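So this block is coords.cif, mmCIF, C-alpha atoms:
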data_run
#
loop_
_atom_site.label_atom_id
_atom_site.label_comp_id
_atom_site.auth_asym_id
_atom_site.auth_seq_id
_atom_site.Cartn_x
_atom_site.Cartn_y
_atom_site.Cartn_z
CA MET Z 1 8.02 -5.59 -18.22
CA SER Z 2 5.88 -3.91 -20.84
CA ASP Z 3 5.43 -0.17 -21.15
CA TYR Z 4 2.14 -0.39 -19.26
CA ASN Z 5 2.32 1.95 -16.26
CA ASN Z 6 5.97 2.73 -16.92
CA ASN Z 7 5.21 6.20 -15.60
CA LEU Z 8 4.88 4.62 -12.13
CA PRO Z 9 8.29 3.49 -10.89
CA VAL Z 10 6.72 1.94 -7.78
CA ILE Z 11 4.96 -0.62 -9.99
CA LYS Z 12 8.30 -1.59 -11.55
CA LYS Z 13 9.80 -1.96 -8.08
CA VAL Z 14 6.98 -4.24 -6.86
CA TYR Z 15 7.28 -6.23 -10.09
CA GLU Z 16 11.00 -6.71 -9.37
CA LEU Z 17 10.27 -7.61 -5.73
CA TYR Z 18 7.95 -10.36 -6.92
CA LYS Z 19 10.62 -11.74 -9.24
CA SER Z 20 13.16 -11.79 -6.40
CA PHE Z 21 10.76 -13.41 -3.97
CA TYR Z 22 9.68 -15.97 -6.56
CA ALA Z 23 13.28 -17.01 -7.19
CA TYR Z 24 13.90 -17.41 -3.46
CA SER Z 25 10.64 -19.29 -2.87
CA LYS Z 26 11.86 -22.13 -5.08
CA LEU Z 27 14.37 -22.91 -2.33
CA PHE Z 28 11.81 -23.03 0.51
CA PRO Z 29 10.96 -26.32 2.19
CA LYS Z 30 7.70 -27.69 0.79
CA LYS Z 31 5.66 -26.96 3.95
CA ASP Z 32 6.87 -23.33 3.99
CA LYS Z 33 6.39 -22.82 0.26
CA TYR Z 34 2.67 -23.58 0.52
CA THR Z 35 2.00 -21.62 3.69
CA LEU Z 36 3.89 -18.43 4.45
CA GLY Z 37 5.67 -18.44 1.08
CA GLU Z 38 2.37 -18.56 -0.80
CA LYS Z 39 0.88 -15.87 1.45
CA CYS Z 40 3.83 -13.55 0.73
CA GLU Z 41 3.44 -14.13 -3.01
CA LEU Z 42 -0.28 -13.34 -2.83
CA TYR Z 43 0.35 -10.15 -0.88
CA ILE Z 44 3.03 -8.95 -3.31
CA LEU Z 45 0.60 -9.59 -6.19
CA SER Z 46 -2.21 -7.82 -4.31
CA VAL Z 47 -0.02 -4.77 -3.76
CA LEU Z 48 0.87 -4.82 -7.46
CA GLU Z 49 -2.80 -5.02 -8.47
CA LEU Z 50 -3.82 -2.20 -6.13
CA LEU Z 51 -1.03 0.08 -7.35
CA ILE Z 52 -1.94 -0.61 -10.98
CA ALA Z 53 -5.56 0.20 -10.12
CA ALA Z 54 -4.43 3.40 -8.36
CA GLY Z 55 -2.36 4.37 -11.39
CA SER Z 56 -5.35 4.20 -13.71
CA ALA Z 57 -8.09 5.37 -11.31
CA PRO Z 58 -9.59 8.86 -11.43
CA LYS Z 59 -7.85 11.17 -8.97
CA PRO Z 60 -10.55 11.04 -6.24
CA GLU Z 61 -10.35 7.21 -6.15
CA LYS Z 62 -6.55 6.90 -6.19
CA ILE Z 63 -6.06 7.45 -2.46
CA ALA Z 64 -8.34 4.54 -1.51
CA TYR Z 65 -6.30 2.16 -3.67
CA ILE Z 66 -3.02 3.53 -2.34
CA ARG Z 67 -4.20 3.14 1.28
CA LYS Z 68 -5.26 -0.47 0.63
CA ALA Z 69 -1.91 -1.18 -1.05
CA ASN Z 70 -0.09 0.35 1.92
CA ILE Z 71 -1.97 -1.85 4.42
CA LYS Z 72 -1.22 -4.99 2.37
CA PHE Z 73 2.39 -3.88 2.06
CA ASP Z 74 2.76 -3.35 5.82
CA THR Z 75 1.44 -6.86 6.39
CA LEU Z 76 3.82 -8.23 3.75
CA LYS Z 77 6.76 -6.66 5.61
CA ILE Z 78 5.77 -8.56 8.75
CA PHE Z 79 5.43 -11.82 6.79
CA ILE Z 80 8.88 -11.36 5.23
CA ARG Z 81 10.44 -10.65 8.64
CA LEU Z 82 8.73 -13.75 10.03
CA ALA Z 83 10.08 -15.81 7.10
CA ASN Z 84 13.57 -14.71 8.08
CA GLU Z 85 13.06 -15.38 11.79
CA ILE Z 86 11.88 -18.95 11.18
CA ASN Z 87 14.84 -19.50 8.82
CA MET Z 88 12.73 -19.82 5.71
CA LEU Z 89 14.83 -16.99 4.24
CA ASP Z 90 18.52 -16.73 5.00
CA ASN Z 91 19.93 -13.37 6.06
CA LYS Z 92 21.45 -12.53 2.67
CA LYS Z 93 18.15 -13.06 0.83
CA TYR Z 94 16.25 -11.28 3.59
CA LEU Z 95 18.52 -8.22 3.35
CA THR Z 96 18.10 -8.15 -0.43
CA LEU Z 97 14.31 -8.20 -0.06
CA GLN Z 98 14.45 -5.64 2.77
CA LYS Z 99 16.33 -3.19 0.57
CA GLN Z 100 13.62 -3.50 -2.09
CA ILE Z 101 10.85 -3.31 0.53
CA GLN Z 102 12.26 -0.14 2.10
CA GLU Z 103 12.44 1.58 -1.27
CA ILE Z 104 8.89 0.55 -2.20
CA GLY Z 105 7.63 1.65 1.22
CA ARG Z 106 9.11 5.11 0.72
CA MET Z 107 7.53 5.34 -2.73
CA ILE Z 108 4.06 4.26 -1.55
CA GLY Z 109 4.32 6.57 1.47
CA GLY Z 110 5.35 9.49 -0.73
CA TRP Z 111 2.49 8.85 -3.14
CA GLN Z 112 0.04 8.67 -0.23
CA LYS Z 113 1.38 11.91 1.30
CA SER Z 114 0.95 13.70 -2.03
CA PHE Z 115 -2.83 13.40 -1.50
CA ASN Z 116 -2.81 14.95 2.01
#

Represent the supplied structure as structure tokens.
Amino acid sequence: MSDYNNNLPVIKKVYELYKSFYAYSKLFPKKDKYTLGEKCELYILSVLELLIAAGSAPKPEKIAYIRKANIKFDTLKIFIRLANEINMLDNKKYLTLQKQIQEIGRMIGGWQKSFN
């Protein structure tokens, strides 16, 4: 990853989450890859875009981007759990993603709280 937004560790973490998910998605059955798998990828990328926008936005606009990212991220968590429950993701991969997701969730939550 380039030095762009290196001052925001949460962006690095989402970047790494995408790489992990992408590697796992190659193993999904075709029908899952192009439905829930694709949706998860899009949501991870949306969260990444929103956090990058928040990182470069003027202070009064940051919170709106962070809130939108948080909503997308909460939805992503449900999608990932669903992927595990329908056996698209095995437990080992799910737990790896969950560890990353929990850390990112804490970081986004902390950033959001810093504006309250």

Translate the PyMOL selection byres ((chain Z and resi 41) around 12) into a concrete residue list for this structure, as a PDB file with C-alpha atoms, in the frame of the given file.
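New file part-v5.pdb:
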ATOM      1  CA  VAL Z  14       6.980  -4.240  -6.860  1.00  0.00           C
ATOM      2  CA  TYR Z  15       7.280  -6.230 -10.090  1.00  0.00           C
ATOM      3  CA  LEU Z  17      10.270  -7.610  -5.730  1.00  0.00           C
ATOM      4  CA  TYR Z  18       7.950 -10.360  -6.920  1.00  0.00           C
ATOM      5  CA  LYS Z  19      10.620 -11.740  -9.240  1.00  0.00           C
ATOM      6  CA  SER Z  20      13.160 -11.790  -6.400  1.00  0.00           C
ATOM      7  CA  PHE Z  21      10.760 -13.410  -3.970  1.00  0.00           C
ATOM      8  CA  TYR Z  22       9.680 -15.970  -6.560  1.00  0.00           C
ATOM      9  CA  ALA Z  23      13.280 -17.010  -7.190  1.00  0.00           C
ATOM     10  CA  TYR Z  24      13.900 -17.410  -3.460  1.00  0.00           C
ATOM     11  CA  SER Z  25      10.640 -19.290  -2.870  1.00  0.00           C
ATOM     12  CA  LYS Z  26      11.860 -22.130  -5.080  1.00  0.00           C
ATOM     13  CA  LYS Z  33       6.390 -22.820   0.260  1.00  0.00           C
ATOM     14  CA  TYR Z  34       2.670 -23.580   0.520  1.00  0.00           C
ATOM     15  CA  THR Z  35       2.000 -21.620   3.690  1.00  0.00           C
ATOM     16  CA  LEU Z  36       3.890 -18.430   4.450  1.00  0.00           C
ATOM     17  CA  GLY Z  37       5.670 -18.440   1.080  1.00  0.00           C
ATOM     18  CA  GLU Z  38       2.370 -18.560  -0.800  1.00  0.00           C
ATOM     19  CA  LYS Z  39       0.880 -15.870   1.450  1.00  0.00           C
ATOM     20  CA  CYS Z  40       3.830 -13.550   0.730  1.00  0.00           C
ATOM     21  CA  LEU Z  42      -0.280 -13.340  -2.830  1.00  0.00           C
ATOM     22  CA  TYR Z  43       0.350 -10.150  -0.880  1.00  0.00           C
ATOM     23  CA  ILE Z  44       3.030  -8.950  -3.310  1.00  0.00           C
ATOM     24  CA  LEU Z  45       0.600  -9.590  -6.190  1.00  0.00           C
ATOM     25  CA  SER Z  46      -2.210  -7.820  -4.310  1.00  0.00           C
ATOM     26  CA  VAL Z  47      -0.020  -4.770  -3.760  1.00  0.00           C
ATOM     27  CA  LEU Z  48       0.870  -4.820  -7.460  1.00  0.00           C
ATOM     28  CA  LYS Z  72      -1.220  -4.990   2.370  1.00  0.00           C
ATOM     29  CA  PHE Z  73       2.390  -3.880   2.060  1.00  0.00           C
ATOM     30  CA  LEU Z  76       3.820  -8.230   3.750  1.00  0.00           C
ATOM     31  CA  LYS Z  77       6.760  -6.660   5.610  1.00  0.00           C
ATOM     32  CA  PHE Z  79       5.430 -11.820   6.790  1.00  0.00           C
ATOM     33  CA  ILE Z  80       8.880 -11.360   5.230  1.00  0.00           C
TER      34      ILE Z  80
END

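Comparing the minimum interatomic distances between Gln100 of chain Z and each of Z:Glu85, Z:Asp32, Z:Glu49, Z:Glu16, counting all atoms listed in the file, we find that Z:Glu16 sits nearest.
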
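Here atom CA of Ser56 of chain Z stands at a distance of 15.1 Å from atom CA of Lys68 of chain Z.
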
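One finds atom CA of Ile86 of chain Z at 27.6 Å from atom CA of Ile108 of chain Z.
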
Might you pull out every residue within 10 Å of segment 112-115 of chain Z, with all atoms listed in the file counted and same-chain residues fewer than 6 positions away left off, and present them as a VMD selection string?
-> chain Z and resid 59 to 60 62 to 67 70 106

Could you take the residues named above and write them with C-alpha atoms, as a compact mmCIF listing (two decimals), in the frame of the given file?
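Saved file result27.txt follows:
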# COMPACT_ATOMS: atom_id res chain seq x y z
CA LYS Z 59 -7.85 11.17 -8.97
CA PRO Z 60 -10.55 11.04 -6.24
CA LYS Z 62 -6.55 6.90 -6.19
CA ILE Z 63 -6.06 7.45 -2.46
CA ALA Z 64 -8.34 4.54 -1.51
CA TYR Z 65 -6.30 2.16 -3.67
CA ILE Z 66 -3.02 3.53 -2.34
CA ARG Z 67 -4.20 3.14 1.28
CA ASN Z 70 -0.09 0.35 1.92
CA ARG Z 106 9.11 5.11 0.72

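Each of Z:Asn7, Z:Asn116, Z:Asn84, Z:Thr75 was compared to Gln98 of chain Z using only C-alpha atoms, and Z:Asn84 turns out to be the nearest.
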
For Tyr94 of chain Z, the closest of Z:Lys30, Z:Met107, Z:Ile78, Z:Ile52 counting only C-alpha atoms is Z:Ile78

Generate N, CA and C atoms for segment 79-108 of chain Z and emit them as a PDB file, in the coordinates of the input.
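Just written: selection-v2.pdb:
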ATOM      1  N   PHE Z  79       5.291 -10.453   7.274  1.00  0.00           N
ATOM      2  CA  PHE Z  79       5.430 -11.820   6.790  1.00  0.00           C
ATOM      3  C   PHE Z  79       6.873 -12.124   6.366  1.00  0.00           C
ATOM      4  N   ILE Z  80       7.499 -11.176   5.691  1.00  0.00           N
ATOM      5  CA  ILE Z  80       8.880 -11.360   5.230  1.00  0.00           C
ATOM      6  C   ILE Z  80       9.831 -11.456   6.428  1.00  0.00           C
ATOM      7  N   ARG Z  81       9.606 -10.595   7.424  1.00  0.00           N
ATOM      8  CA  ARG Z  81      10.440 -10.650   8.640  1.00  0.00           C
ATOM      9  C   ARG Z  81      10.261 -11.995   9.346  1.00  0.00           C
ATOM     10  N   LEU Z  82       9.013 -12.460   9.416  1.00  0.00           N
ATOM     11  CA  LEU Z  82       8.730 -13.750  10.030  1.00  0.00           C
ATOM     12  C   LEU Z  82       9.434 -14.880   9.260  1.00  0.00           C
ATOM     13  N   ALA Z  83       9.399 -14.803   7.939  1.00  0.00           N
ATOM     14  CA  ALA Z  83      10.080 -15.810   7.100  1.00  0.00           C
ATOM     15  C   ALA Z  83      11.564 -15.881   7.443  1.00  0.00           C
ATOM     16  N   ASN Z  84      12.160 -14.738   7.700  1.00  0.00           N
ATOM     17  CA  ASN Z  84      13.570 -14.710   8.080  1.00  0.00           C
ATOM     18  C   ASN Z  84      13.773 -15.302   9.480  1.00  0.00           C
ATOM     19  N   GLU Z  85      12.902 -14.932  10.403  1.00  0.00           N
ATOM     20  CA  GLU Z  85      13.060 -15.380  11.790  1.00  0.00           C
ATOM     21  C   GLU Z  85      12.857 -16.887  11.952  1.00  0.00           C
ATOM     22  N   ILE Z  86      12.057 -17.497  11.088  1.00  0.00           N
ATOM     23  CA  ILE Z  86      11.880 -18.950  11.180  1.00  0.00           C
ATOM     24  C   ILE Z  86      12.824 -19.692  10.225  1.00  0.00           C
ATOM     25  N   ASN Z  87      13.789 -18.951   9.699  1.00  0.00           N
ATOM     26  CA  ASN Z  87      14.840 -19.500   8.820  1.00  0.00           C
ATOM     27  C   ASN Z  87      14.334 -20.035   7.489  1.00  0.00           C
ATOM     28  N   MET Z  88      13.228 -19.506   7.044  1.00  0.00           N
ATOM     29  CA  MET Z  88      12.730 -19.820   5.710  1.00  0.00           C
ATOM     30  C   MET Z  88      13.575 -19.059   4.677  1.00  0.00           C
ATOM     31  N   LEU Z  89      13.971 -17.857   5.066  1.00  0.00           N
ATOM     32  CA  LEU Z  89      14.830 -16.990   4.240  1.00  0.00           C
ATOM     33  C   LEU Z  89      16.133 -16.788   4.986  1.00  0.00           C
ATOM     34  N   ASP Z  90      17.253 -17.023   4.325  1.00  0.00           N
ATOM     35  CA  ASP Z  90      18.520 -16.730   5.000  1.00  0.00           C
ATOM     36  C   ASP Z  90      18.744 -15.218   5.040  1.00  0.00           C
ATOM     37  N   ASN Z  91      19.708 -14.805   5.847  1.00  0.00           N
ATOM     38  CA  ASN Z  91      19.930 -13.370   6.060  1.00  0.00           C
ATOM     39  C   ASN Z  91      20.263 -12.610   4.790  1.00  0.00           C
ATOM     40  N   LYS Z  92      21.055 -13.218   3.905  1.00  0.00           N
ATOM     41  CA  LYS Z  92      21.450 -12.530   2.670  1.00  0.00           C
ATOM     42  C   LYS Z  92      20.221 -12.240   1.798  1.00  0.00           C
ATOM     43  N   LYS Z  93      19.363 -13.246   1.629  1.00  0.00           N
ATOM     44  CA  LYS Z  93      18.150 -13.060   0.830  1.00  0.00           C
ATOM     45  C   LYS Z  93      17.207 -12.067   1.507  1.00  0.00           C
ATOM     46  N   TYR Z  94      17.106 -12.181   2.828  1.00  0.00           N
ATOM     47  CA  TYR Z  94      16.250 -11.280   3.590  1.00  0.00           C
ATOM     48  C   TYR Z  94      16.707  -9.821   3.402  1.00  0.00           C
ATOM     49  N   LEU Z  95      17.997  -9.585   3.499  1.00  0.00           N
ATOM     50  CA  LEU Z  95      18.520  -8.220   3.350  1.00  0.00           C
ATOM     51  C   LEU Z  95      18.281  -7.688   1.938  1.00  0.00           C
ATOM     52  N   THR Z  96      18.393  -8.559   0.944  1.00  0.00           N
ATOM     53  CA  THR Z  96      18.100  -8.150  -0.430  1.00  0.00           C
ATOM     54  C   THR Z  96      16.645  -7.726  -0.559  1.00  0.00           C
ATOM     55  N   LEU Z  97      15.742  -8.535  -0.008  1.00  0.00           N
ATOM     56  CA  LEU Z  97      14.310  -8.200  -0.060  1.00  0.00           C
ATOM     57  C   LEU Z  97      14.025  -6.937   0.754  1.00  0.00           C
ATOM     58  N   GLN Z  98      14.667  -6.814   1.918  1.00  0.00           N
ATOM     59  CA  GLN Z  98      14.450  -5.640   2.770  1.00  0.00           C
ATOM     60  C   GLN Z  98      14.828  -4.347   2.057  1.00  0.00           C
ATOM     61  N   LYS Z  99      15.905  -4.383   1.315  1.00  0.00           N
ATOM     62  CA  LYS Z  99      16.330  -3.190   0.570  1.00  0.00           C
ATOM     63  C   LYS Z  99      15.241  -2.787  -0.422  1.00  0.00           C
ATOM     64  N   GLN Z 100      14.692  -3.775  -1.135  1.00  0.00           N
ATOM     65  CA  GLN Z 100      13.620  -3.500  -2.090  1.00  0.00           C
ATOM     66  C   GLN Z 100      12.370  -3.008  -1.353  1.00  0.00           C
ATOM     67  N   ILE Z 101      12.047  -3.645  -0.238  1.00  0.00           N
ATOM     68  CA  ILE Z 101      10.850  -3.310   0.530  1.00  0.00           C
ATOM     69  C   ILE Z 101      10.934  -1.879   1.066  1.00  0.00           C
ATOM     70  N   GLN Z 102      12.095  -1.494   1.569  1.00  0.00           N
ATOM     71  CA  GLN Z 102      12.260  -0.140   2.100  1.00  0.00           C
ATOM     72  C   GLN Z 102      12.045   0.904   1.007  1.00  0.00           C
ATOM     73  N   GLU Z 103      12.593   0.646  -0.160  1.00  0.00           N
ATOM     74  CA  GLU Z 103      12.440   1.580  -1.270  1.00  0.00           C
ATOM     75  C   GLU Z 103      10.970   1.690  -1.698  1.00  0.00           C
ATOM     76  N   ILE Z 104      10.303   0.553  -1.814  1.00  0.00           N
ATOM     77  CA  ILE Z 104       8.890   0.550  -2.200  1.00  0.00           C
ATOM     78  C   ILE Z 104       8.057   1.252  -1.133  1.00  0.00           C
ATOM     79  N   GLY Z 105       8.357   1.000   0.125  1.00  0.00           N
ATOM     80  CA  GLY Z 105       7.630   1.650   1.220  1.00  0.00           C
ATOM     81  C   GLY Z 105       7.734   3.160   1.158  1.00  0.00           C
ATOM     82  N   ARG Z 106       8.924   3.650   0.864  1.00  0.00           N
ATOM     83  CA  ARG Z 106       9.110   5.110   0.720  1.00  0.00           C
ATOM     84  C   ARG Z 106       8.288   5.644  -0.449  1.00  0.00           C
ATOM     85  N   MET Z 107       8.259   4.889  -1.533  1.00  0.00           N
ATOM     86  CA  MET Z 107       7.530   5.340  -2.730  1.00  0.00           C
ATOM     87  C   MET Z 107       6.013   5.357  -2.473  1.00  0.00           C
ATOM     88  N   ILE Z 108       5.497   4.308  -1.849  1.00  0.00           N
ATOM     89  CA  ILE Z 108       4.060   4.260  -1.550  1.00  0.00           C
ATOM     90  C   ILE Z 108       3.714   5.370  -0.557  1.00  0.00           C
TER      91      ILE Z 108
END
